[in-house]
Amino acid sequence: MIESVTLDDTIAIAVGAGILGTGGGGSTYLNRLRLNKELRSQGRAVSVIQADDVPDDALVCAVGGMGAPTVSNEKLQEGQEIKRAVLALEDHLRRKIYAIVIGEIGGGNALGPMITALQCGLPVVDGDSMGRAFPELQMDTFMIYGLAPAPFALADAHGNVAIFPRMGSAEQAEAFARSLTIEMGGSAGLVMPVMSGAEMKATIIRDTLSLAKRIGEAALDCRARSVEPAETVAALCNGEVIFTGKIVDVNRRTVEGFARGRLKISAFDDFNQQMEIDFQNENLIARVGDRALCTVPDLITLVSLEDGEAIGTESLRYGLRVAVLAMPAPKELKTPEALAVVGPRAFGYGVEFRPMAGDLL
């Protein structure tokens with residue numbers, strides 16, 4: 001388990017978080033540059049603590065970026081949005097935050113919370129609430145297992161902050177926050193939920209920051225030895241490579257704050273053998289013909305055959321040579337309560353979830 005994050009660690013964490021992001025979570029490249037800049041500016045490492053070391057009565061909060069990756073990758077950002085939302089909630093609650101929790105370990109949202117932790121002088125908990133990335137706020141273990149969504153806060157790059165003191169459900173929080181994020185220009189800093197140490201420990205997926213670093217280190221080691229990393233990474237995550245080929249078609253659009261679409265990959269040795277993947281910020285279902293090979297919440301990630309770098313849904317384009325990794329979800333996402341929120345039927349697909357053997361952790 002890691003105890004701190006230094007400049008030497010950020011590339012491995014970024015590579016690993018990209019693979020866990022299943023196509024979403026925002027750009028790891030941009031957020032790694034921002035984190036590196038903050039580490040140099042602060043002149044100190046990010047302190048990382050274990051979930052069980054947080055006092056039960058302490059106040060912690062999960063943070064991340066909200067919006068479509070197609071927007072956040074192009075929009076100039078101040079870099080203080082999440083910090084501003086954290087400080088606003090501290091002022092609203094008249095209590096200090098003890099530690100920052102990563103809202104989702106997938107993609108750039110694994111790195112953004114560490115920037116906020118440095119800015120606020122707080123430690124980061126080794127864990128998150130997804131073990132991957134998901135497109136909607138109710139799709140995390142904090143909400144699935146009964147924590148209150150409010151109070152929560154959103155902040156934009158222009159200094160605007162909105163606090164929601166009460167909210168009837170996580171689904172309503174998603175609807176309100178999504179609408180406001182669109183009004184804020186398509187991306188915003190989010191703080192949700194605020195919780196006690198005891199509540200966090202009962203619902204968090206532990207040690208996912210350490211996992212991201214291990215995945216990234218394995219991929220970088222393969223790259224250094226000129227070995228294609230897909231099989232190594234899949235094995236490390238108890239998964240498998242389910243397809244390799246070239247992207248031959250991408251249908252993508254930004255709708256209601258999401259990057260939605262479908263891509264097609266043709267096998268190298270048989271152009272007529274194709275895999276189709278549907279996505280909503282994240283990859284959701286992978287099919288060959290009428291057969292679903294992998295479905296949400298298990299992880300579906302596209303990586304470049306050249307260097308093992310994960311490819312976000314906002315970066316998909318014709319001609320990329322890719323491997324498709326299928327990896328089992330954390331056990332916390334495979335309960336009946338969780339599948340009602342993050343299973344394929346929750347996204348409108350009429351297929352049953354057939355879990356891969358084993359767990360991500």
# chains A, B, ... in the order shown; residues from 1 in each chain; ligands from 1
>>> select_by_dssp(residues="range 321-358 of chain A", states="strand (DSSP E or B)", output="list in words")
Arg321, Val322, Ala323, Val324, Leu325, Ala326 and Met327 of chain A
>>> select_by_dssp(residues="range 149-245 of chain A", states="alpha helix (DSSP H)", output="VMD selection string")
chain A and resid 170 to 183 197 to 203 208 to 224 230 to 236
>>> write_last_selection(atoms="C-alpha atoms", output="PDB file, in the first residue's frame")
ATOM      1  CA  ALA A 170     -29.201  10.329  -5.449  1.00  0.00           C
ATOM      2  CA  GLU A 171     -31.070  10.231  -8.768  1.00  0.00           C
ATOM      3  CA  GLN A 172     -32.421  13.727  -8.112  1.00  0.00           C
ATOM      4  CA  ALA A 173     -28.934  14.874  -7.174  1.00  0.00           C
ATOM      5  CA  GLU A 174     -27.689  13.566 -10.523  1.00  0.00           C
ATOM      6  CA  ALA A 175     -30.448  15.390 -12.425  1.00  0.00           C
ATOM      7  CA  PHE A 176     -29.918  18.723 -10.644  1.00  0.00           C
ATOM      8  CA  ALA A 177     -26.130  18.535 -10.744  1.00  0.00           C
ATOM      9  CA  ARG A 178     -26.075  17.490 -14.415  1.00  0.00           C
ATOM     10  CA  SER A 179     -28.296  20.428 -15.405  1.00  0.00           C
ATOM     11  CA  LEU A 180     -26.173  22.877 -13.442  1.00  0.00           C
ATOM     12  CA  THR A 181     -22.944  21.423 -14.858  1.00  0.00           C
ATOM     13  CA  ILE A 182     -24.261  22.092 -18.357  1.00  0.00           C
ATOM     14  CA  GLU A 183     -25.043  25.687 -17.331  1.00  0.00           C
ATOM     15  CA  GLY A 197     -15.342   8.252   8.860  1.00  0.00           C
ATOM     16  CA  ALA A 198     -17.577   5.398   9.974  1.00  0.00           C
ATOM     17  CA  GLU A 199     -19.889   5.829   6.967  1.00  0.00           C
ATOM     18  CA  MET A 200     -16.941   5.983   4.613  1.00  0.00           C
ATOM     19  CA  LYS A 201     -15.378   2.812   6.011  1.00  0.00           C
ATOM     20  CA  ALA A 202     -18.661   0.914   5.638  1.00  0.00           C
ATOM     21  CA  THR A 203     -19.077   1.780   1.950  1.00  0.00           C
ATOM     22  CA  THR A 208      -7.820   1.291  -5.375  1.00  0.00           C
ATOM     23  CA  LEU A 209      -5.206   4.056  -5.531  1.00  0.00           C
ATOM     24  CA  SER A 210      -2.559   1.439  -4.760  1.00  0.00           C
ATOM     25  CA  LEU A 211      -4.112  -0.806  -7.434  1.00  0.00           C
ATOM     26  CA  ALA A 212      -3.927   1.958 -10.046  1.00  0.00           C
ATOM     27  CA  LYS A 213      -0.245   2.420  -9.296  1.00  0.00           C
ATOM     28  CA  ARG A 214       0.459  -1.332  -9.579  1.00  0.00           C
ATOM     29  CA  ILE A 215      -1.344  -1.535 -12.922  1.00  0.00           C
ATOM     30  CA  GLY A 216       0.556   1.458 -14.241  1.00  0.00           C
ATOM     31  CA  GLU A 217       3.900   0.100 -13.076  1.00  0.00           C
ATOM     32  CA  ALA A 218       3.202  -3.213 -14.832  1.00  0.00           C
ATOM     33  CA  ALA A 219       2.275  -1.441 -18.077  1.00  0.00           C
ATOM     34  CA  LEU A 220       5.323   0.812 -17.920  1.00  0.00           C
ATOM     35  CA  ASP A 221       7.598  -2.161 -17.252  1.00  0.00           C
ATOM     36  CA  CYS A 222       6.227  -3.913 -20.339  1.00  0.00           C
ATOM     37  CA  ARG A 223       6.712  -0.748 -22.357  1.00  0.00           C
ATOM     38  CA  ALA A 224      10.339  -0.475 -21.214  1.00  0.00           C
ATOM     39  CA  ALA A 230      -2.409  -5.875 -22.659  1.00  0.00           C
ATOM     40  CA  GLU A 231      -2.070  -9.499 -21.540  1.00  0.00           C
ATOM     41  CA  THR A 232       0.060  -8.567 -18.514  1.00  0.00           C
ATOM     42  CA  VAL A 233      -2.381  -5.898 -17.345  1.00  0.00           C
ATOM     43  CA  ALA A 234      -5.405  -8.137 -17.891  1.00  0.00           C
ATOM     44  CA  ALA A 235      -3.810 -10.936 -15.849  1.00  0.00           C
ATOM     45  CA  LEU A 236      -2.924  -8.535 -13.028  1.00  0.00           C
TER      46      LEU A 236
END
>>> atom_distance(atom1="CA of Ala326 in chain A", atom2="CA of Gly358 in chain A")
12.0 Å
>>> residues_around(residues="range 37-46 of chain A", least_positions_apart="6", cutoff="8 Å", atoms="only C-alpha atoms", output="ChimeraX atom specification")
/A:4-7,114-115,117-119,123-124
>>> closest_residue(among="A:Ile97, A:Ala88, A:Cys294, A:Met130", to="Leu333 in chain A", atoms="only C-alpha atoms")
A:Met130
